[in-house]
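With TSV, C-alpha atoms and all ligand atoms inside, this is start20.tsv:
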chain	number	residue	atom	x	y	z
A	79	MET	CA	0.00	0.00	0.00
A	80	THR	CA	1.39	3.42	-0.87
A	81	VAL	CA	1.02	6.37	1.45
A	82	ARG	CA	-0.23	9.60	-0.09
A	83	VAL	CA	1.86	12.61	0.93
A	84	ALA	CA	1.06	16.29	0.28
A	85	SER	CA	3.43	19.17	0.98
A	86	GLU	CA	2.79	22.91	1.18
A	87	TRP	CA	4.91	25.93	2.10
A	88	LEU	CA	3.46	28.98	3.84
A	89	ASN	CA	5.56	31.81	5.38
A	90	SER	CA	8.62	29.87	4.32
A	91	CYS	CA	11.97	30.30	2.54
A	92	SER	CA	11.74	26.83	0.91
A	93	GLY	CA	14.85	25.64	2.78
A	94	CYS	CA	12.74	22.92	4.42
A	95	GLU	CA	11.74	21.63	0.98
A	96	ILE	CA	15.41	21.63	-0.03
A	97	SER	CA	15.96	19.40	2.99
A	98	ILE	CA	13.37	16.96	1.57
A	99	ILE	CA	15.25	17.01	-1.74
A	100	ASP	CA	18.50	16.55	0.21
A	101	LEU	CA	17.22	13.09	1.11
A	102	GLY	CA	19.13	12.28	-2.07
A	103	GLU	CA	18.99	8.65	-3.13
A	104	ARG	CA	16.78	7.82	-0.14
A	105	LEU	CA	14.09	9.89	-1.86
A	106	LEU	CA	14.12	7.33	-4.68
A	107	ASP	CA	13.57	4.54	-2.11
A	108	LEU	CA	10.76	6.54	-0.54
A	109	LEU	CA	9.11	7.09	-3.90
A	110	LYS	CA	8.52	3.32	-4.13
A	111	LEU	CA	6.32	3.56	-1.02
A	112	VAL	CA	5.09	7.15	-1.09
A	113	ASP	CA	2.87	8.82	-3.61
A	114	PHE	CA	3.53	12.57	-3.54
A	115	VAL	CA	0.11	13.86	-4.56
A	116	HIS	CA	1.01	17.54	-4.18
A	117	ILE	CA	4.47	18.99	-3.63
A	118	PRO	CA	5.13	22.33	-5.36
A	119	ALA	CA	8.89	22.06	-4.69
A	120	LEU	CA	9.12	18.92	-6.83
A	121	MET	CA	6.25	18.97	-9.28
A	122	ASP	CA	3.86	21.37	-10.90
A	123	SER	CA	0.66	21.33	-8.87
A	124	LYS	CA	-1.28	24.46	-8.02
A	125	TYR	CA	-3.93	24.91	-5.36
A	126	LEU	CA	-5.95	27.35	-7.46
A	127	GLY	CA	-6.07	25.00	-10.45
A	128	GLN	CA	-3.38	24.44	-13.07
A	129	LYS	CA	-4.19	27.80	-14.72
A	130	GLY	CA	-4.40	29.55	-11.36
A	131	ASP	CA	-7.97	30.63	-12.11
A	132	GLY	CA	-9.79	28.66	-9.37
A	133	LYS	CA	-11.94	30.61	-6.94
A	134	HIS	CA	-11.10	28.51	-3.90
A	135	ILE	CA	-7.98	26.73	-2.70
A	136	SER	CA	-8.31	23.01	-3.29
A	137	LEU	CA	-5.84	20.22	-2.47
A	138	PRO	CA	-6.00	16.45	-2.95
A	139	ASP	CA	-6.68	14.01	-0.09
A	140	ALA	CA	-3.54	12.64	1.54
A	141	ASP	CA	-2.46	10.44	4.45
A	142	VAL	CA	0.38	12.75	5.51
A	143	GLY	CA	0.63	16.52	5.04
A	144	LEU	CA	3.98	18.29	5.42
A	145	ILE	CA	3.65	22.02	6.03
A	146	SER	CA	6.63	24.37	6.26
A	147	GLY	CA	6.40	28.00	7.32
A	148	GLY	CA	4.19	29.80	9.78
A	149	ILE	CA	1.04	31.79	9.05
A	150	ARG	CA	1.41	35.47	8.19
A	151	ASN	CA	-1.50	36.21	5.87
A	152	ALA	CA	-5.02	35.11	4.97
A	153	GLU	CA	-3.82	32.89	2.11
A	154	HIS	CA	-1.42	30.98	4.38
A	155	LEU	CA	-4.33	30.39	6.75
A	156	GLU	CA	-6.62	29.15	3.98
A	157	VAL	CA	-3.96	26.74	2.69
A	158	ALA	CA	-3.25	25.46	6.23
A	159	GLU	CA	-6.95	24.86	6.85
A	160	GLU	CA	-7.36	23.06	3.52
A	161	MET	CA	-4.32	20.86	4.31
A	162	ARG	CA	-5.81	20.06	7.72
A	163	LYS	CA	-9.11	19.14	6.09
A	164	LYS	CA	-7.51	16.90	3.45
A	165	CYS	CA	-4.65	15.23	5.37
A	166	LYS	CA	-5.04	12.61	8.08
A	167	ILE	CA	-1.72	13.53	9.74
A	168	ILE	CA	-0.21	17.01	9.68
A	169	ILE	CA	3.54	17.44	10.25
A	170	ALA	CA	4.79	20.96	11.04
A	171	LEU	CA	8.07	20.87	9.12
A	172	GLY	CA	10.80	23.24	10.26
A	173	THR	CA	11.07	25.86	12.95
A	174	CYS	CA	9.03	28.45	11.03
A	175	ALA	CA	6.09	26.04	11.25
A	176	THR	CA	6.76	24.85	14.81
A	177	HIS	CA	7.74	28.19	16.42
A	178	GLY	CA	7.51	30.99	13.83
A	179	GLY	CA	11.22	30.83	12.94
A	180	ILE	CA	13.18	33.83	11.69
A	181	PRO	CA	10.09	35.46	10.06
A	182	ALA	CA	8.48	35.74	13.52
A	183	LEU	CA	11.11	38.36	14.43
A	184	CYS	CA	8.57	40.69	12.80
A	185	ASN	CA	6.37	40.12	15.86
A	186	SER	CA	8.45	42.74	17.69
A	187	TYR	CA	6.77	45.35	15.49
A	188	SER	CA	3.20	46.19	14.50
A	189	ASN	CA	2.15	45.64	10.88
A	190	ASN	CA	1.95	49.41	10.40
A	191	GLU	CA	5.50	49.92	11.64
A	192	ILE	CA	6.74	47.24	9.24
A	193	LEU	CA	4.82	48.61	6.25
A	194	GLU	CA	6.00	52.13	7.01
A	195	ARG	CA	9.60	50.99	7.34
A	196	TYR	CA	9.57	49.21	3.99
A	197	TYR	CA	7.23	51.30	1.87
A	198	SER	CA	7.18	54.77	3.35
A	199	THR	CA	10.75	55.91	3.65
A	200	GLU	CA	12.58	58.42	1.52
A	201	THR	CA	14.30	55.55	-0.28
A	202	THR	CA	11.10	54.12	-1.82
A	203	ASP	CA	9.91	55.32	-5.22
A	204	LYS	CA	6.37	56.02	-4.07
A	205	PRO	CA	6.37	56.92	-0.40
A	206	ASP	CA	3.10	56.07	1.39
A	207	ALA	CA	1.96	53.71	-1.40
A	208	PHE	CA	1.49	50.42	0.44
A	209	PRO	CA	1.02	47.52	-1.98
A	210	SER	CA	-2.44	45.98	-1.61
A	211	GLU	CA	-3.88	45.02	-4.99
A	212	GLY	CA	-4.18	41.25	-5.41
A	213	LEU	CA	-2.39	40.61	-2.13
A	214	PRO	CA	-3.79	38.53	0.73
A	215	GLU	CA	-4.54	40.44	3.90
A	216	LEU	CA	-1.86	40.31	6.61
A	217	GLU	CA	-2.65	38.51	9.87
A	218	GLU	CA	-1.90	40.70	12.90
A	219	ARG	CA	1.35	38.80	13.49
A	220	CYS	CA	3.29	35.71	12.43
A	221	PHE	CA	1.75	32.55	13.90
A	222	ALA	CA	3.20	29.08	14.36
A	223	LEU	CA	1.07	26.43	12.68
A	224	ASP	CA	-0.37	24.98	15.89
A	225	GLU	CA	-1.76	28.39	16.83
A	226	LYS	CA	-4.20	28.07	13.92
A	227	ILE	CA	-4.68	24.36	13.12
A	228	ASN	CA	-4.17	21.07	14.96
A	229	VAL	CA	-0.71	19.64	14.37
A	230	ASP	CA	0.07	15.94	14.90
A	231	LEU	CA	3.87	16.06	14.78
A	232	HIS	CA	6.39	18.87	15.22
A	233	LEU	CA	9.62	18.42	13.28
A	234	PRO	CA	11.69	21.54	14.04
A	235	GLY	CA	14.96	22.68	12.51
A	236	CYS	CA	16.02	25.45	10.19
A	237	PRO	CA	15.90	23.34	8.18
A	238	PRO	CA	15.24	19.92	9.75
A	239	HIS	CA	18.03	17.46	9.01
A	240	PRO	CA	17.13	15.13	6.09
A	241	ASP	CA	17.87	12.12	8.35
A	242	GLN	CA	15.07	13.24	10.66
A	243	ILE	CA	12.60	13.77	7.80
A	244	PHE	CA	13.49	10.30	6.50
A	245	SER	CA	13.10	8.63	9.92
A	246	ALA	CA	9.77	10.36	10.55
A	247	LEU	CA	8.36	9.34	7.15
A	248	VAL	CA	9.62	5.76	7.48
A	249	ALA	CA	8.07	5.47	10.98
A	250	LEU	CA	4.74	6.72	9.64
A	251	LEU	CA	4.96	4.27	6.72
A	252	GLU	CA	5.49	1.47	9.23
A	253	GLY	CA	2.56	2.71	11.31
A	254	LYS	CA	4.81	3.58	14.27
A	255	PRO	CA	5.02	6.91	16.13
A	256	PRO	CA	8.20	8.73	15.00
A	257	VAL	CA	10.84	9.00	17.73
A	258	LEU	CA	12.26	12.50	17.91
A	259	PRO	CA	15.10	13.77	20.12
A	260	SER	CA	13.91	14.95	23.52
A	261	LYS	CA	17.27	16.27	24.69
A	262	SER	CA	19.19	19.50	24.18
A	263	VAL	CA	22.00	20.33	21.74
A	264	CYS	CA	24.39	20.27	24.74
A	265	ASP	CA	23.42	16.63	25.37
A	266	THR	CA	24.83	15.70	21.95
A	267	CYS	CA	27.86	18.01	22.09
A	268	PRO	CA	31.28	16.41	22.56
A	269	THR	CA	33.16	19.48	23.85
A	270	ILE	CA	34.91	19.52	27.24
A	271	ARG	CA	32.87	20.97	30.12
A	272	GLU	CA	34.43	21.85	33.41
A	273	GLY	CA	31.15	22.54	35.18
A	274	LYS	CA	29.00	25.31	36.58
A	275	GLY	CA	30.48	28.56	37.80
A	276	GLN	CA	33.13	28.70	35.06
A	277	LEU	CA	31.62	31.71	33.32
A	278	LYS	CA	31.03	35.15	34.77
A	279	LYS	CA	30.67	37.41	31.78
A	280	LEU	CA	29.72	36.89	28.16
A	281	ARG	CA	32.01	37.96	25.36
A	282	ARG	CA	30.87	39.79	22.27
A	283	PHE	CA	29.39	37.31	19.81
A	284	LEU	CA	31.94	38.09	17.11
A	285	GLN	CA	34.91	37.37	19.38
A	286	GLU	CA	36.28	34.05	18.26
A	287	PRO	CA	36.44	31.16	20.73
A	288	VAL	CA	39.77	29.59	21.63
A	289	CYS	CA	40.10	26.42	19.58
A	290	ASN	CA	42.51	24.63	17.36
A	291	PRO	CA	40.67	23.57	14.19
A	292	ASP	CA	43.11	20.69	13.78
A	293	GLU	CA	42.15	19.18	17.14
A	294	PRO	CA	39.14	16.91	17.53
A	295	LEU	CA	36.00	18.51	18.98
A	296	ASP	CA	36.28	16.55	22.22
A	297	GLN	CA	39.45	18.52	22.94
A	298	MET	CA	37.74	21.91	22.52
A	299	ARG	CA	36.43	23.67	25.63
A	300	CYS	CA	32.66	24.26	25.68
A	301	LEU	CA	32.00	27.53	23.85
A	302	LEU	CA	29.64	28.80	26.54
A	303	GLU	CA	32.24	28.17	29.23
A	304	GLN	CA	34.59	30.24	27.05
A	305	GLY	CA	32.09	33.10	27.30
A	306	VAL	CA	30.55	32.76	23.83
A	307	LEU	CA	26.76	32.86	23.92
A	308	CYS	CA	25.89	29.34	22.77
A	309	MET	CA	22.18	28.41	22.85
A	310	GLY	CA	22.93	24.68	23.15
A	311	PRO	CA	21.48	24.30	26.68
A	312	VAL	CA	18.01	25.51	25.62
A	313	THR	CA	17.79	24.19	22.05
A	314	LYS	CA	16.33	20.89	20.91
A	315	ALA	CA	18.87	18.34	19.67
A	316	GLY	CA	18.68	16.70	16.25
A	317	CYS	CA	20.54	18.99	13.83
A	318	GLY	CA	23.42	16.51	13.56
A	319	GLY	CA	21.09	13.87	12.11
A	320	ASP	CA	22.29	10.30	12.49
A	321	GLN	CA	25.84	11.58	13.17
A	322	ARG	CA	24.46	13.40	16.24
A	323	ILE	CA	27.27	16.06	16.44
A	324	PRO	CA	25.53	19.47	16.39
A	325	ARG	CA	26.08	21.10	13.02
A	326	CYS	CA	27.38	24.49	14.19
A	327	ILE	CA	29.56	23.04	16.93
A	328	SER	CA	31.24	20.79	14.37
A	329	ALA	CA	32.14	24.02	12.52
A	330	ARG	CA	33.33	25.44	15.89
A	331	VAL	CA	30.70	28.15	16.01
A	332	PRO	CA	28.06	28.51	18.73
A	333	CYS	CA	24.52	27.21	18.43
A	334	ARG	CA	22.08	30.03	17.58
A	335	GLY	CA	19.04	28.01	18.61
A	336	CYS	CA	17.56	27.08	15.22
A	337	TYR	CA	15.84	23.89	16.43
A	338	GLY	CA	13.71	25.90	18.85
A	339	PRO	CA	13.16	25.05	22.51
A	340	VAL	CA	13.79	21.59	23.92
A	341	ARG	CA	10.09	21.22	24.82
A	342	GLN	CA	7.56	22.33	22.23
A	343	ASP	CA	6.10	24.83	24.73
A	344	GLY	CA	9.48	25.97	26.10
A	345	ASN	CA	10.72	29.56	25.98
A	346	GLN	CA	14.31	29.84	24.76
A	347	MET	CA	14.73	33.34	26.16
A	348	THR	CA	13.66	32.68	29.76
A	349	ASP	CA	15.30	29.24	29.71
A	350	MET	CA	18.62	30.76	28.57
A	351	LEU	CA	18.48	33.62	31.06
A	352	ASN	CA	17.82	31.06	33.82
A	353	ALA	CA	20.67	28.86	32.59
A	354	LEU	CA	23.06	31.84	32.59
A	355	ALA	CA	21.90	33.15	35.97
A	356	SER	CA	22.18	29.72	37.60
A	357	ASN	CA	25.78	29.61	36.37
A	358	GLY	CA	26.48	32.92	38.11
A	359	VAL	CA	26.60	34.92	34.86
A	360	ASP	CA	25.76	38.58	35.01
A	361	VAL	CA	22.86	38.57	32.51
A	362	ASP	CA	23.28	42.33	32.11
A	363	SER	CA	26.39	41.49	30.07
A	364	LEU	CA	23.93	40.44	27.32
A	365	SER	CA	23.45	43.36	24.95
A	366	GLU	CA	19.73	42.55	24.49
A	367	TYR	CA	17.39	39.66	25.27
A	368	PRO	CA	14.80	39.30	22.45
A	369	SER	CA	17.36	37.90	20.01
A	370	LEU	CA	17.36	34.78	22.19
A	371	LEU	CA	13.96	34.23	20.55
A	372	ARG	CA	15.26	34.70	17.02
A	373	PHE	CA	13.84	31.30	16.00
A	374	SER	CA	10.86	31.05	18.34
A	375	GLY	CA	9.03	34.37	18.44
A	376	ALA	CA	5.55	32.98	17.70
A	377	HIS	CA	3.08	31.84	20.42
A	378	GLY	CA	3.04	35.42	21.73
A	379	ARG	CA	6.70	35.26	22.84
A	380	LEU	CA	7.75	38.35	20.84
A	381	ARG	CA	5.43	41.36	20.90
A	382	PRO	CA	5.72	45.03	20.00
A	383	PRO	CA	6.78	47.04	23.05
A	384	ARG	CA	3.86	48.69	24.90
A	385	LYS	CA	3.50	52.35	23.94
A	386	GLU	CA	3.44	54.83	26.83
A	387	ALA	CA	-0.06	56.32	27.23
B	401	LIG	S1	12.56	26.66	9.08
B	401	LIG	FE1	14.34	27.64	8.14
B	401	LIG	S2	14.66	26.49	6.26
B	401	LIG	FE2	12.55	26.05	6.95
B	401	LIG	S3	11.25	27.58	5.92
B	401	LIG	FE3	11.85	28.42	7.90
B	401	LIG	S4	13.66	29.69	7.46
B	401	LIG	FE4	13.39	28.28	5.76
B	402	LIG	S1	26.96	25.28	25.43
B	402	LIG	FE1	27.42	24.94	23.27
B	402	LIG	S2	29.59	24.33	23.20
B	402	LIG	FE2	28.86	24.10	25.32
B	402	LIG	S3	28.20	21.98	25.51
B	402	LIG	FE3	26.41	23.18	24.93
B	402	LIG	S4	26.32	23.09	22.71
B	402	LIG	FE4	28.39	22.45	23.33
B	403	LIG	S1	23.91	23.85	16.44
B	403	LIG	FE1	22.06	25.03	16.97
B	403	LIG	S2	21.91	26.65	15.41
B	403	LIG	FE2	23.37	25.12	14.66
B	403	LIG	S3	22.17	23.78	13.36
B	403	LIG	FE3	22.20	22.87	15.43
B	403	LIG	S4	20.36	23.67	16.49
B	403	LIG	FE4	20.73	24.92	14.67
Represent the structure of the file as structure tokens.
Ligand code: SF4
Ligand code: SF4
Ligand code: SF4
Amino acid sequence: MTVRVASEWLNSCSGCEISIIDLGERLLDLLKLVDFVHIPALMDSKYLGQKGDGKHISLPDADVGLISGGIRNAEHLEVAEEMRKKCKIIIALGTCATHGGIPALCNSYSNNEILERYYSTETTDKPDAFPSEGLPELEERCFALDEKINVDLHLPGCPPHPDQIFSALVALLEGKPPVLPSKSVCDTCPTIREGKGQLKKLRRFLQEPVCNPDEPLDQMRCLLEQGVLCMGPVTKAGCGGDQRIPRCISARVPCRGCYGPVRQDGNQMTDMLNALASNGVDVDSLSEYPSLLRFSGAHGRLRPPRKEA
């Protein structure tokens, strides 16, 4: 029996779809078992009809629906609702879908502030002319998928590692619940840790850590203990795929938090501030806090600052 899979992208950069394509030869194996009934990244299928002249969004029935991107406008919402209606299982694919991702940084500003910044400055050709014709209406902010529709499985990552997409799809094909990492990036990091209380002050992000690129990673001191702000303690593991070594750490740069919080409902900003404070770090040495939510600003975590009355 083949499993019907549909895929759609909403407020997305398409990097998550590239991760599906990065399955490489395994995609050919999957294609023997999976029937992709709708996947704009791989084949020409349009939700408003092949000529784009349909009046309503319509998608085929599927067993599994993969949705990347959060919800930022009325069209995203309509597509998400149609996917929910037509797919038995919905997978939120990538951190934009699970937690808003980078696009949810816009949640620190009102829609008007954003439109004014981009379309009403002296550098635009037609100041004050906000584009509107033929465009879907903006939602009031960027939403994660589960704020608008029921989601069965969250597969975070910016983008998710192809190994994880493969394992999740194979588990679903076998009728088993996919097993996803429940630990943090630190739990899969091989660097040397000397323990709490090693760090008092954070360094500027651009200051390079002390490491010898010719030495194996298990001889490098933990970047956070070196004073580099590494989000490993509060970020979900999995970016190393089957190899397990976190991707950024293997390049000797700190984790920026792209897999979102360890628990789906976690808050990377408060979790990180707590982790720093419990290690005796002066959190005032952080230049600003909201960037700790650079991948997880949906669910009301990032908001425009309150205006003084
Ligand atoms: S999670 Fe990352 S790769 Fe996926 S759509 Fe969002 S920005 Fe792109
Ligand atoms: S803080 Fe960063 S460098 Fe240190 S153990 Fe965690 S992931 Fe590794
Ligand atoms: S180390 Fe952190 S930022 Fe880098 S890929 Fe992994 S989760 Fe993302």
**Request:** Compute the set of protein, DNA and RNA residues whose minimum atom distance to ligand LIG 402 (chain B) is at most 7 Å, using all atoms listed in the file, and state it as a ChimeraX atom specification.
**Result:** /A:263-264,267-269,271,300-303,308-311,327,332-333
Please dump the current selection as an mmCIF file, in the frame of the given file; keep C-alpha atoms.
data_model
loop_
_atom_site.group_PDB
_atom_site.id
_atom_site.type_symbol
_atom_site.label_atom_id
_atom_site.label_comp_id
_atom_site.auth_asym_id
_atom_site.auth_seq_id
_atom_site.Cartn_x
_atom_site.Cartn_y
_atom_site.Cartn_z
ATOM 1 C CA VAL A 263 22.000 20.330 21.740
ATOM 2 C CA CYS A 264 24.390 20.270 24.740
ATOM 3 C CA CYS A 267 27.860 18.010 22.090
ATOM 4 C CA PRO A 268 31.280 16.410 22.560
ATOM 5 C CA THR A 269 33.160 19.480 23.850
ATOM 6 C CA ARG A 271 32.870 20.970 30.120
ATOM 7 C CA CYS A 300 32.660 24.260 25.680
ATOM 8 C CA LEU A 301 32.000 27.530 23.850
ATOM 9 C CA LEU A 302 29.640 28.800 26.540
ATOM 10 C CA GLU A 303 32.240 28.170 29.230
ATOM 11 C CA CYS A 308 25.890 29.340 22.770
ATOM 12 C CA MET A 309 22.180 28.410 22.850
ATOM 13 C CA GLY A 310 22.930 24.680 23.150
ATOM 14 C CA PRO A 311 21.480 24.300 26.680
ATOM 15 C CA ILE A 327 29.560 23.040 16.930
ATOM 16 C CA PRO A 332 28.060 28.510 18.730
ATOM 17 C CA CYS A 333 24.520 27.210 18.430
#
Padding 4 Å on each side, edges along x, y and z: where is the centre of the box around the listed atoms of stretch 258-265 of chain A, and how long are its edges in Å to one decimal? Output it as lines of an AutoDock Vina configuration file.
center_x = 18.3
center_y = 16.4
center_z = 21.6
size_x = 20.1
size_y = 15.8
size_z = 15.5
**Prompt:** Between A:Tyr187, A:Phe114, A:Tyr337, A:Tyr367, which is the closest to ligand LIG 401 (chain B) once you count only C-alpha atoms and all ligand atoms?
**Reply:**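 Result for the nearest residue to ligand LIG 401 (chain B): A:Tyr337.
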**Request:** Compare A:Asp241, A:Met347, A:Cys289, A:Ser356 by their minimum atom-to-atom distance to A:Ser369, counting only C-alpha atoms, and give me the closest one.
**Result:**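 Residue with the minimum atom-to-atom distance to A:Ser369: A:Met347.
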**Protein and nucleic acid residues within 6 Å of ligand LIG 403 (chain B) (only C-alpha atoms and all ligand atoms) as a PyMOL selection string** = chain A and resi 317+324-327+333-337
Restrict the calculation to all atoms listed in the file, then for each residue of chain A with any atom at most 7 Å from an atom of ligand LIG 401 (chain B) give the closest atom pair and their distance in Å to one decimal, rows by chain and rising residue number, as a Markdown table.
| residue | atom | partner | partner_atom | distance |
| --- | --- | --- | --- | --- |
| A:Ser90 | CA | B:LIG401 | S3 | 3.8 |
| A:Cys91 | CA | B:LIG401 | FE4 | 4.1 |
| A:Ser92 | CA | B:LIG401 | S3 | 5.1 |
| A:Gly93 | CA | B:LIG401 | S2 | 3.6 |
| A:Cys94 | CA | B:LIG401 | FE2 | 4.0 |
| A:Ser146 | CA | B:LIG401 | S3 | 5.6 |
| A:Gly147 | CA | B:LIG401 | S3 | 5.1 |
| A:Gly172 | CA | B:LIG401 | S1 | 4.0 |
| A:Thr173 | CA | B:LIG401 | S1 | 4.2 |
| A:Cys174 | CA | B:LIG401 | FE3 | 4.2 |
| A:Ala175 | CA | B:LIG401 | S1 | 6.9 |
| A:Gly179 | CA | B:LIG401 | FE3 | 5.6 |
| A:Ile180 | CA | B:LIG401 | S4 | 5.9 |
| A:Gly235 | CA | B:LIG401 | S1 | 5.8 |
| A:Cys236 | CA | B:LIG401 | FE1 | 3.4 |
| A:Pro237 | CA | B:LIG401 | S2 | 3.9 |
**Item:** Neighbour residues at most 10 Å from (12.1, 11.7, 7.6) (all atoms listed in the file) as a VMD selection string
**Value:** chain A and resid 97 to 98 101 104 to 105 108 233 238 to 250 256
**Message:** Please determine, counting only C-alpha atoms, which residue among A:Val340, A:Leu183, A:Leu120, A:Val331 has the shortest atom-to-atom distance to A:Ala376.
**Reply:**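 Nearest to A:Ala376: A:Leu183.
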**Item:** Å distance separating atom CA of A:Val83 from atom CA of A:Ala158, one decimal place
**Value:**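 Here the two named atoms are 14.8 Å from each other.
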**Message:** What's the separation between atom CA of A:Lys254 and atom CA of A:Asp141, in Å to one decimal place?
**Reply:**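 Rounded to one decimal, the two atoms are 14.0 Å apart.
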**Atom-to-atom span, atom CA of A:Ser365 and atom CA of A:Gly305, Å** = 13.6 Å
**Request:** Dump as a ChimeraX atom specification all residues having an atom at most 12 Å from (27.0, 34.6, 29.5), computed in the file's coordinates with only C-alpha atoms.
**Result:** /A:274-283,301-309,350-367
**Among the residues A:Ser186, A:Ile270, A:Glu191, A:Glu286, the one that comes closest to A:Arg379 [using all atoms listed in the file]** =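 For A:Arg379, the nearest of the given residues is A:Ser186.
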**Prompt:** What's the 8 Å shell around A:Ile168, counting only C-alpha atoms, without same-chain residues fewer than 2 positions away, as JSON, numbers by chain?
**Reply:** {"A": [142, 143, 144, 145, 161, 162, 165, 166, 170, 228, 229, 230, 231]}
**Message:** Let me make sure I understand: among A:Glu86, A:Glu159, A:Glu103, A:Glu218, which one has the smallest atom-to-atom distance to A:Lys124 if we use all atoms listed in the file?
**Reply:**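 Using all atoms listed in the file, A:Lys124 sits closest to A:Glu86.
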**Within 7 Å of A:Leu216 using only C-alpha atoms, minus same-chain residues under 5 positions, as a ChimeraX atom specification** = /A:150-152
**Asked** Excluding same-chain residues fewer than 2 positions from A:Lys261, what lies within 9 Å of it counting all atoms listed in the file, as an NGL selection string?
**Response** :A and (259 or 263-266 or 313-316 or 340-341)
**Item:** Nearest candidate to A:Pro118 (options A:Leu137, A:Asp131, A:Arg322, A:Gly102; using all atoms listed in the file)
**Value:**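 Smallest separation from A:Pro118 among the options: A:Leu137.
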Got a minute to add N, CA and C atoms to stretch 117-135 of chain A and dump it as a PDB file, in the coordinates of the input?
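And here is the file that came out, part-v8.pdb:
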ATOM      1  N   ILE A 117       3.233  18.501  -4.245  1.00  0.00           N
ATOM      2  CA  ILE A 117       4.470  18.990  -3.630  1.00  0.00           C
ATOM      3  C   ILE A 117       5.078  20.028  -4.579  1.00  0.00           C
ATOM      4  N   PRO A 118       4.708  21.299  -4.396  1.00  0.00           N
ATOM      5  CA  PRO A 118       5.130  22.330  -5.360  1.00  0.00           C
ATOM      6  C   PRO A 118       6.642  22.408  -5.551  1.00  0.00           C
ATOM      7  N   ALA A 119       7.431  21.982  -4.540  1.00  0.00           N
ATOM      8  CA  ALA A 119       8.890  22.060  -4.690  1.00  0.00           C
ATOM      9  C   ALA A 119       9.409  21.052  -5.702  1.00  0.00           C
ATOM     10  N   LEU A 120       8.633  19.986  -5.953  1.00  0.00           N
ATOM     11  CA  LEU A 120       9.120  18.920  -6.830  1.00  0.00           C
ATOM     12  C   LEU A 120       8.314  18.766  -8.111  1.00  0.00           C
ATOM     13  N   MET A 121       7.053  19.161  -8.064  1.00  0.00           N
ATOM     14  CA  MET A 121       6.250  18.970  -9.280  1.00  0.00           C
ATOM     15  C   MET A 121       5.220  20.083  -9.406  1.00  0.00           C
ATOM     16  N   ASP A 122       4.754  20.255 -10.616  1.00  0.00           N
ATOM     17  CA  ASP A 122       3.860  21.370 -10.900  1.00  0.00           C
ATOM     18  C   ASP A 122       2.430  21.028 -10.467  1.00  0.00           C
ATOM     19  N   SER A 123       2.060  21.498  -9.279  1.00  0.00           N
ATOM     20  CA  SER A 123       0.660  21.330  -8.870  1.00  0.00           C
ATOM     21  C   SER A 123       0.243  22.598  -8.138  1.00  0.00           C
ATOM     22  N   LYS A 124      -0.886  23.149  -8.554  1.00  0.00           N
ATOM     23  CA  LYS A 124      -1.280  24.460  -8.020  1.00  0.00           C
ATOM     24  C   LYS A 124      -2.601  24.342  -7.281  1.00  0.00           C
ATOM     25  N   TYR A 125      -2.695  25.074  -6.150  1.00  0.00           N
ATOM     26  CA  TYR A 125      -3.930  24.910  -5.360  1.00  0.00           C
ATOM     27  C   TYR A 125      -5.084  25.741  -5.892  1.00  0.00           C
ATOM     28  N   LEU A 126      -4.832  26.607  -6.851  1.00  0.00           N
ATOM     29  CA  LEU A 126      -5.950  27.350  -7.460  1.00  0.00           C
ATOM     30  C   LEU A 126      -6.172  26.850  -8.892  1.00  0.00           C
ATOM     31  N   GLY A 127      -5.900  25.557  -9.104  1.00  0.00           N
ATOM     32  CA  GLY A 127      -6.070  25.000 -10.450  1.00  0.00           C
ATOM     33  C   GLY A 127      -4.818  25.208 -11.274  1.00  0.00           C
ATOM     34  N   GLN A 128      -4.618  24.381 -12.310  1.00  0.00           N
ATOM     35  CA  GLN A 128      -3.380  24.440 -13.070  1.00  0.00           C
ATOM     36  C   GLN A 128      -3.201  25.775 -13.802  1.00  0.00           C
ATOM     37  N   LYS A 129      -4.333  26.476 -14.079  1.00  0.00           N
ATOM     38  CA  LYS A 129      -4.190  27.800 -14.720  1.00  0.00           C
ATOM     39  C   LYS A 129      -4.237  28.914 -13.667  1.00  0.00           C
ATOM     40  N   GLY A 130      -4.362  28.541 -12.425  1.00  0.00           N
ATOM     41  CA  GLY A 130      -4.400  29.550 -11.360  1.00  0.00           C
ATOM     42  C   GLY A 130      -5.676  30.357 -11.354  1.00  0.00           C
ATOM     43  N   ASP A 131      -6.738  29.834 -11.998  1.00  0.00           N
ATOM     44  CA  ASP A 131      -7.970  30.630 -12.110  1.00  0.00           C
ATOM     45  C   ASP A 131      -9.089  30.112 -11.208  1.00  0.00           C
ATOM     46  N   GLY A 132      -8.756  29.170 -10.291  1.00  0.00           N
ATOM     47  CA  GLY A 132      -9.790  28.660  -9.370  1.00  0.00           C
ATOM     48  C   GLY A 132     -10.222  29.751  -8.400  1.00  0.00           C
ATOM     49  N   LYS A 133     -11.425  29.588  -7.888  1.00  0.00           N
ATOM     50  CA  LYS A 133     -11.940  30.610  -6.940  1.00  0.00           C
ATOM     51  C   LYS A 133     -11.568  30.251  -5.499  1.00  0.00           C
ATOM     52  N   HIS A 134     -11.411  28.939  -5.256  1.00  0.00           N
ATOM     53  CA  HIS A 134     -11.100  28.510  -3.900  1.00  0.00           C
ATOM     54  C   HIS A 134      -9.905  27.577  -3.912  1.00  0.00           C
ATOM     55  N   ILE A 135      -9.143  27.615  -2.817  1.00  0.00           N
ATOM     56  CA  ILE A 135      -7.980  26.730  -2.700  1.00  0.00           C
ATOM     57  C   ILE A 135      -8.466  25.299  -2.541  1.00  0.00           C
TER      58      ILE A 135
END
